[in-house]
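Student: Dropping the structure in here first, questions after.
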Amino acid sequence: MKTILLIILGFMGFFVGIGNAQNIQFEQVLPLPPAPQNIADFAPVGYSAMAFADIDGDDDLDVLITGMNGSDYKATLYINDGLGNYLPVTGTPFEGVIGASIAFTDIDGDDDLDVLIAGWNYSSQPSTKLYTNDGFGNFSEVSSIPFPDVYLASVAFADVDEDNDMDILIIGSTSYNVYIAKLYLNDSIGNFIEVIGTPFEYVGSGSIAFADADGDNDLDVIISGSKSSYERIAKLYANDGVGNFSIVSGTPFAGVYESSTNFADVDSDNDLDLLITGINNSNQNIAILYANDGVGNFSEVTDSTFEPIQKVSIAFADVDGDNDLDVLITGDNTAFQRIAKLYTNDGVGNFSEDTSASFVGVSEGSIAFADVDGDNDLDILITGEKASSQPTAILYLNDSIGNFSAVTGTSYEGVFESSLAFGDVDGDNDIDVLIIGKTNPYQPTARLYTNDGDGNLEEVSGTPFEAVYDGSIAFGDVDGDNDLDVLITGKNISNFKTANLYLNDGSGNFTLVSSPFPIVYRSSIAFADVDGDNDLDVLITGELSSASRKTKLYVNDSTGYFSNVSGVPFEKVSQSSIAFADVDGDNDMDLLITGELNSNNPITKLYSNDGSGIFSEVTDIPFYAVYDGSVAFADVDGDNDIDVVITGNDSLDQKTATLYTNDGYGIFSKFISTPFVGVDQSSLSFADVDQDGDMDLLITGEDSSSQIISRLYANDGTGIFSEVTGMPFEEVRFYSLCRYRWG
C-alpha cells in the first residue's frame, strides 16, 4: 500500500489548494483465511418462500425462509456474519407457514426493516402477520392489523401515493374459493387504512409486481392469478401518481395462476419488459416474454426460448458481469419434472440456456439473488421440493462470471471499505494522510501518517480518531484558525455508525468535539461556504441503515459550531458523490448530487444557491442519473465557466464517464466526443499536469469489463481530451484523489 501512497503523493503537487475537500474512497481486496465448513446451514424446506434483508443493520444480507420440513412448518431467520456464514436465530416470534409470501420494508419510519408474512399455518388456517424490528433484528408481532388472513397469497409493498411511506397490496384466499385483492395506505408510522373501491380483480394462487410500466414516474401494478377454477387473469393497472388505479385495456397478457410476473429491462432500451409464467386457461404451462415500447404498450416476443413451467419462481440478475439481466427459472415443466434453468442475455433481450449450470431443480419453491459473501457478484439461494419430493435449501456461490458452485465449505476474498484524505495537518507545507477502514484481522482502524517532505510517511501514535470503516473523511478549517480540522463518518468496531468532528491545534494534534452531524456510513462529505459568511458549512450524505438515507446541510457560526438547516430540497442518497461549484456565475456555491435513492434507483440533481444558502432544484438538466461514481468541476474549454465530468452506474448498471459543458449561466450540454472510459467505484481529479494552462483529467475506477483503470487525459485547451499513454499510475478503484480547501 505504501507504493500506492507514494505515487499519489507525487501527483498531489498538482492539486494542493485547488478546491473543496473531497474524501477518498477505495476498497482493498485481500485473501481471507479459510471459511468454516457448512457456512450455510439452512434447514431444507418445501412449499417455501424466502427474502433477503439486512435486518440487524450490520450491512450484510440476512435471510428469512419459510416452508415445510416433514410435518414441521417453519419460519426461520438466519443471520449473516458478513462473509456468507449463516446461523439460525432462536426464539423469533415468526409463525411457521407454507406457501407463503414474505415482504420486508420499513413500515414505521424508524430506519429498520419490518416484515409481513402471509401463508398457511400448521392449524390449516390462513395467516397474515406483521412483525416490527427494533433495529437490531429483534422482532415483535403487531397485535392489531387490518389485513385479512390469507393463503395462496402474494404481498407487495410500494409507495403508491408518493407520500414517502410504504403502502401494501395483498391478494390471496381467505377460505376455499374466496379471493381478495386489497390495497392499504400507510400513514407513515405503520398504521394502515384500506382503500375502498379499487378496480383490482380478486384472485388467488397469483402474483403481484409493481413497476413504472408507462414511464410516467409512478408505480403501476400487474396482478395475475385465479378468479375461479376455470378463469385465470393477468391484468395491468395504471397509477395516476397519487394511488388511484385504472385497468389498462387491450393488453396481450395471457391469464395464469400458480404464476410469477416479473418486470425487467431485458433489451436495454430503458423501459421495463415483462415475463409471465404459470398455467393458462387451457391448463397449459407457459413462459411468455412481453416487450415494452416505453409507454406501457406490450407485445409478445415470439422467439423467446424459456421452457414453459408452473409452480414457478423467477429471479432476474446480472450473473456474468456483462451489464445485462439474465434470468433463473425454477418449477415443474410439462413432464412434471422439477427444473432450474439459467438463461443468459445477449444485452438486447435474446436469451440462451446455460447448459453448464447445475442447480437442483425444485417445485413450490423460492429463489433469490444476493451477494452473500461480499465479493461483489450475485450468489443464489434456492429452496423448494426437489425430484425426490424432499425439501431442499442450497446456496450457490458465483465466481463473478456466472459459474456457480454449491456451498459445502469454501474460502473467500474479503472487501475492506476504506477512505483516505490528504492535507497538511501539521503546518509544515507538505501533504499528510489520514486513513480509515478495515485491516487484518478485519478490525476497523483510523491512522494518521505525517510526511517528512520527501514523501516518506510515519504513523502518528496516540491520535483520538475513532477506528471506523465504510465511511468518509473531509478536511477543512471549520473554526477559522488557519489549520485543517477533520470530519469522519463510518462504522466502528461494534458496527455502530459514527460522525465525529476533530479540531486541530495547528501542529496536527486533534481533539474530539461535540457535533450535531447524523451518524452515517456509505457517506460523502463536502465543505463549502454556502451562505456567504466566509466560513465552511458542510453537507453530509449517507445511510443510517440499509433502508434509510440522509442528506443534511449544516451551517457554521465561524467558530466550528454547526446547526442543521431544515427544509432543504435535497434528495436522500447513499453511494453518492457531492460537489459544490458556482455553476451560474452569481458568486455563490451551487450543488450537484449523485447517488442512490434506493436499490437501483440512481439520481443526479443540480441545486442552485440564492447566495444565502437557500437552494432550489434546477430542472431540465441533461445529466445521466448515476450512483457509486464521482463528480468533478473545472473549466475545461477556457470560457471562464465551470464544466463538469460525472462517472458512475446508471439505472441499467451501465458505467459512464460523461463531460457536460456550461454556457456560463448554469445550462449544461452533453459533450459527445470524449475518449473517457466509463467507470464506477471511481474518482476524478482535474489539474494542469502538463503546465499548458488548461485542466487535464485523471480518472480511476472499474470499467465495464471489470478491469481496474487509472487513466490520464490531456486537454488541448478547448475541452478536447486525448489519453496519455505510458503513465506509471497503479490501477486502483474504490478510491478518490483528494483536494482540500482552506477557510
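Order determines the names: the first chain of the C-alpha cells is A, the second B, and so forth; residues in each chain are numbered 1 upward, and ligands are numbered 1 upward as they are shown.
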Near A:Phe404, within 12 Å and counting only C-alpha atoms, which residues show up once chain neighbours fewer than 2 positions away are dropped, as a list in words?
Tutor: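 Answer for this query is Val319, Asp320, Leu342, Asp354, Ser356, Ala357, Ser358, Phe359, Val360, Phe369, Asp377, Leu378, Asp379, Ile380, Leu381, Ile394, Leu395, Tyr396, Leu397, Asn398, Asp399, Ser400, Ile401, Gly402, Ala406 and Val407 of chain A.
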Student: Excluding stretch 186-189 of chain A and its own-chain neighbours fewer than 5 positions away, which residues fall within 7 Å of it when counting only C-alpha atoms? Please give them as number ranges by chain.
Tutor: A: 107-109, 165-167
Student: Mind listing the strand (DSSP E or B) residues of stretch 557-699 of chain A, per DSSP on the backbone, as a PyMOL selection string?
Tutor: chain A and resi 562-564+574-581+590-598+601-609+615-618+626-634+643-649+655-662+668-671+679-687+696-699
Student: A:Asp483, A:Asp680, A:Asp641, A:Asp72: which is nearest A:Thr661, counting only C-alpha atoms?
Tutor: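 Under the stated criterion, the closest residue is A:Asp641.
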Student: Need to verify the contact set: stretch 57-65 of chain A, 8 Å, only C-alpha atoms, exclusion of same-chain residues closer than 4 positions in sequence. Can you return it as JSON, numbers by chain?
Tutor: {"A": [48, 49, 50, 51, 52, 53, 74, 75, 76, 77, 78, 79, 80, 81, 82, 86, 112, 135, 136, 137, 370, 371, 372, 495, 545, 546]}
Student: May I ask which of the residues A:Ser683, A:Ser574, A:Ser299, A:Thr132 is the closest one to A:Ile145, counting only C-alpha atoms?
Tutor: A:Thr132
Student: When you count only C-alpha atoms, which of these residues is closest to A:Ile98: A:Glu364, A:Asp426, A:Asp535, A:Asp293?
Tutor: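 Of A:Glu364, A:Asp426, A:Asp535, A:Asp293, the one nearest A:Ile98 is A:Glu364, counting only C-alpha atoms.
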Student: Could you check the closest approach to A:Leu592 for each of A:Ile621, A:Val486, A:Val348, A:Ile614 and tell me which residue wins, using only C-alpha atoms?
Tutor: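 For A:Leu592, the nearest of the candidates is A:Ile621.
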Student: For atom CA of A:Asn345 and atom CA of A:Asn323, determine how far apart the two atoms are, in Å to one decimal place.
Tutor: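 Here the two named atoms are 9.6 Å from each other.
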Student: Can I get the residues of stretch 607-678 of chain A within 9 Å of stretch 557-573 of chain A, each with the closest pair of atoms and their distance in Å to one decimal, using only C-alpha atoms, sorted chain first then ascending number, as a Markdown table?
Tutor:
| residue | atom | partner | partner_atom | distance |
| --- | --- | --- | --- | --- |
| A:Tyr607 | CA | A:Phe570 | CA | 7.9 |
| A:Ile614 | CA | A:Val568 | CA | 7.6 |
| A:Phe615 | CA | A:Val568 | CA | 6.9 |
| A:Ser616 | CA | A:Pro569 | CA | 6.6 |
| A:Glu617 | CA | A:Pro569 | CA | 7.1 |
| A:Tyr627 | CA | A:Val573 | CA | 8.9 |
Student: Tell me, as a ChimeraX atom specification, which residues lie within 7 Å of stretch 270-287 of chain A, counting only C-alpha atoms; anything in the same chain fewer than 5 positions away does not count.
Tutor: /A:213,230-232,254-265,292,294,306-312,334
Student: Next, the residues of the selection above should be written as an mmCIF file, in the first residue's frame with N, CA and C atoms.
Tutor:
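So the final result, stored in selection-v3.cif, reads:
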data_model
loop_
_atom_site.group_PDB
_atom_site.id
_atom_site.type_symbol
_atom_site.label_atom_id
_atom_site.label_comp_id
_atom_site.auth_asym_id
_atom_site.auth_seq_id
_atom_site.Cartn_x
_atom_site.Cartn_y
_atom_site.Cartn_z
ATOM 1 N N ALA A 213 -44.638 1.021 -15.533
ATOM 2 C CA ALA A 213 -44.766 0.375 -16.837
ATOM 3 C C ALA A 213 -44.889 1.383 -17.972
ATOM 4 N N TYR A 230 -61.840 -22.024 -13.428
ATOM 5 C CA TYR A 230 -61.799 -22.014 -14.887
ATOM 6 C C TYR A 230 -61.391 -20.667 -15.473
ATOM 7 N N GLU A 231 -61.141 -19.651 -14.668
ATOM 8 C CA GLU A 231 -60.786 -18.347 -15.209
ATOM 9 C C GLU A 231 -59.536 -17.803 -14.534
ATOM 10 N N ARG A 232 -58.501 -17.581 -15.357
ATOM 11 C CA ARG A 232 -57.237 -17.019 -14.882
ATOM 12 C C ARG A 232 -57.011 -15.661 -15.559
ATOM 13 N N ALA A 254 -51.390 -13.221 -21.245
ATOM 14 C CA ALA A 254 -52.114 -14.466 -21.006
ATOM 15 C C ALA A 254 -52.450 -14.583 -19.528
ATOM 16 N N GLY A 255 -53.705 -14.926 -19.220
ATOM 17 C CA GLY A 255 -54.096 -15.159 -17.842
ATOM 18 C C GLY A 255 -53.452 -16.423 -17.302
ATOM 19 N N VAL A 256 -52.967 -16.380 -16.061
ATOM 20 C CA VAL A 256 -52.251 -17.515 -15.466
ATOM 21 C C VAL A 256 -52.532 -17.599 -13.973
ATOM 22 N N TYR A 257 -52.317 -18.798 -13.418
ATOM 23 C CA TYR A 257 -52.262 -18.956 -11.973
ATOM 24 C C TYR A 257 -51.069 -19.847 -11.642
ATOM 25 N N GLU A 258 -50.837 -20.091 -10.318
ATOM 26 C CA GLU A 258 -49.562 -20.684 -9.888
ATOM 27 C C GLU A 258 -48.450 -19.997 -10.670
ATOM 28 N N SER A 259 -48.501 -18.663 -10.628
ATOM 29 C CA SER A 259 -47.796 -17.831 -11.592
ATOM 30 C C SER A 259 -46.708 -16.986 -10.950
ATOM 31 N N SER A 260 -45.921 -16.398 -11.831
ATOM 32 C CA SER A 260 -44.960 -15.375 -11.436
ATOM 33 C C SER A 260 -44.937 -14.319 -12.529
ATOM 34 N N THR A 261 -44.964 -13.053 -12.143
ATOM 35 C CA THR A 261 -44.872 -11.935 -13.081
ATOM 36 C C THR A 261 -43.688 -11.078 -12.665
ATOM 37 N N ASN A 262 -42.808 -10.813 -13.601
ATOM 38 C CA ASN A 262 -41.557 -10.132 -13.273
ATOM 39 C C ASN A 262 -41.229 -9.077 -14.316
ATOM 40 N N PHE A 263 -41.055 -7.826 -13.852
ATOM 41 C CA PHE A 263 -40.613 -6.739 -14.714
ATOM 42 C C PHE A 263 -39.081 -6.676 -14.730
ATOM 43 N N ALA A 264 -38.527 -6.403 -15.899
ATOM 44 C CA ALA A 264 -37.086 -6.169 -16.026
ATOM 45 C C ALA A 264 -36.825 -5.573 -17.405
ATOM 46 N N ASP A 265 -35.812 -4.723 -17.505
ATOM 47 C CA ASP A 265 -35.413 -4.183 -18.802
ATOM 48 C C ASP A 265 -34.461 -5.182 -19.443
ATOM 49 N N ASN A 292 -41.829 -3.980 -23.922
ATOM 50 C CA ASN A 292 -42.483 -2.702 -23.660
ATOM 51 C C ASN A 292 -41.953 -1.663 -24.654
ATOM 52 N N GLY A 294 -42.066 1.523 -24.062
ATOM 53 C CA GLY A 294 -41.638 2.696 -23.293
ATOM 54 C C GLY A 294 -42.784 3.471 -22.700
ATOM 55 N N PHE A 306 -37.671 -19.705 -23.345
ATOM 56 C CA PHE A 306 -37.929 -20.189 -21.993
ATOM 57 C C PHE A 306 -38.818 -21.432 -22.014
ATOM 58 N N GLU A 307 -38.465 -22.412 -21.172
ATOM 59 C CA GLU A 307 -39.289 -23.615 -21.074
ATOM 60 C C GLU A 307 -40.560 -23.303 -20.293
ATOM 61 N N PRO A 308 -41.740 -23.712 -20.812
ATOM 62 C CA PRO A 308 -42.990 -23.463 -20.082
ATOM 63 C C PRO A 308 -43.016 -24.257 -18.771
ATOM 64 N N ILE A 309 -43.364 -23.578 -17.682
ATOM 65 C CA ILE A 309 -43.387 -24.237 -16.379
ATOM 66 C C ILE A 309 -44.510 -23.693 -15.519
ATOM 67 N N GLN A 310 -44.772 -24.393 -14.421
ATOM 68 C CA GLN A 310 -45.744 -23.977 -13.427
ATOM 69 C C GLN A 310 -45.102 -24.100 -12.049
ATOM 70 N N LYS A 311 -45.868 -23.671 -11.014
ATOM 71 C CA LYS A 311 -45.338 -23.675 -9.642
ATOM 72 C C LYS A 311 -43.945 -23.058 -9.649
ATOM 73 N N VAL A 312 -43.895 -21.862 -10.191
ATOM 74 C CA VAL A 312 -42.659 -21.289 -10.679
ATOM 75 C C VAL A 312 -42.105 -20.231 -9.738
ATOM 76 N N THR A 334 -43.630 -29.365 -18.379
ATOM 77 C CA THR A 334 -44.830 -30.056 -18.858
ATOM 78 C C THR A 334 -44.807 -31.546 -18.556
#
Student: Please indicate the distance in Å from atom CA of A:Val142 to atom CA of A:Leu169, rounded to one decimal place.
Tutor: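 Interatomic distance, atom CA of A:Val142 to atom CA of A:Leu169: 17.9 Å.
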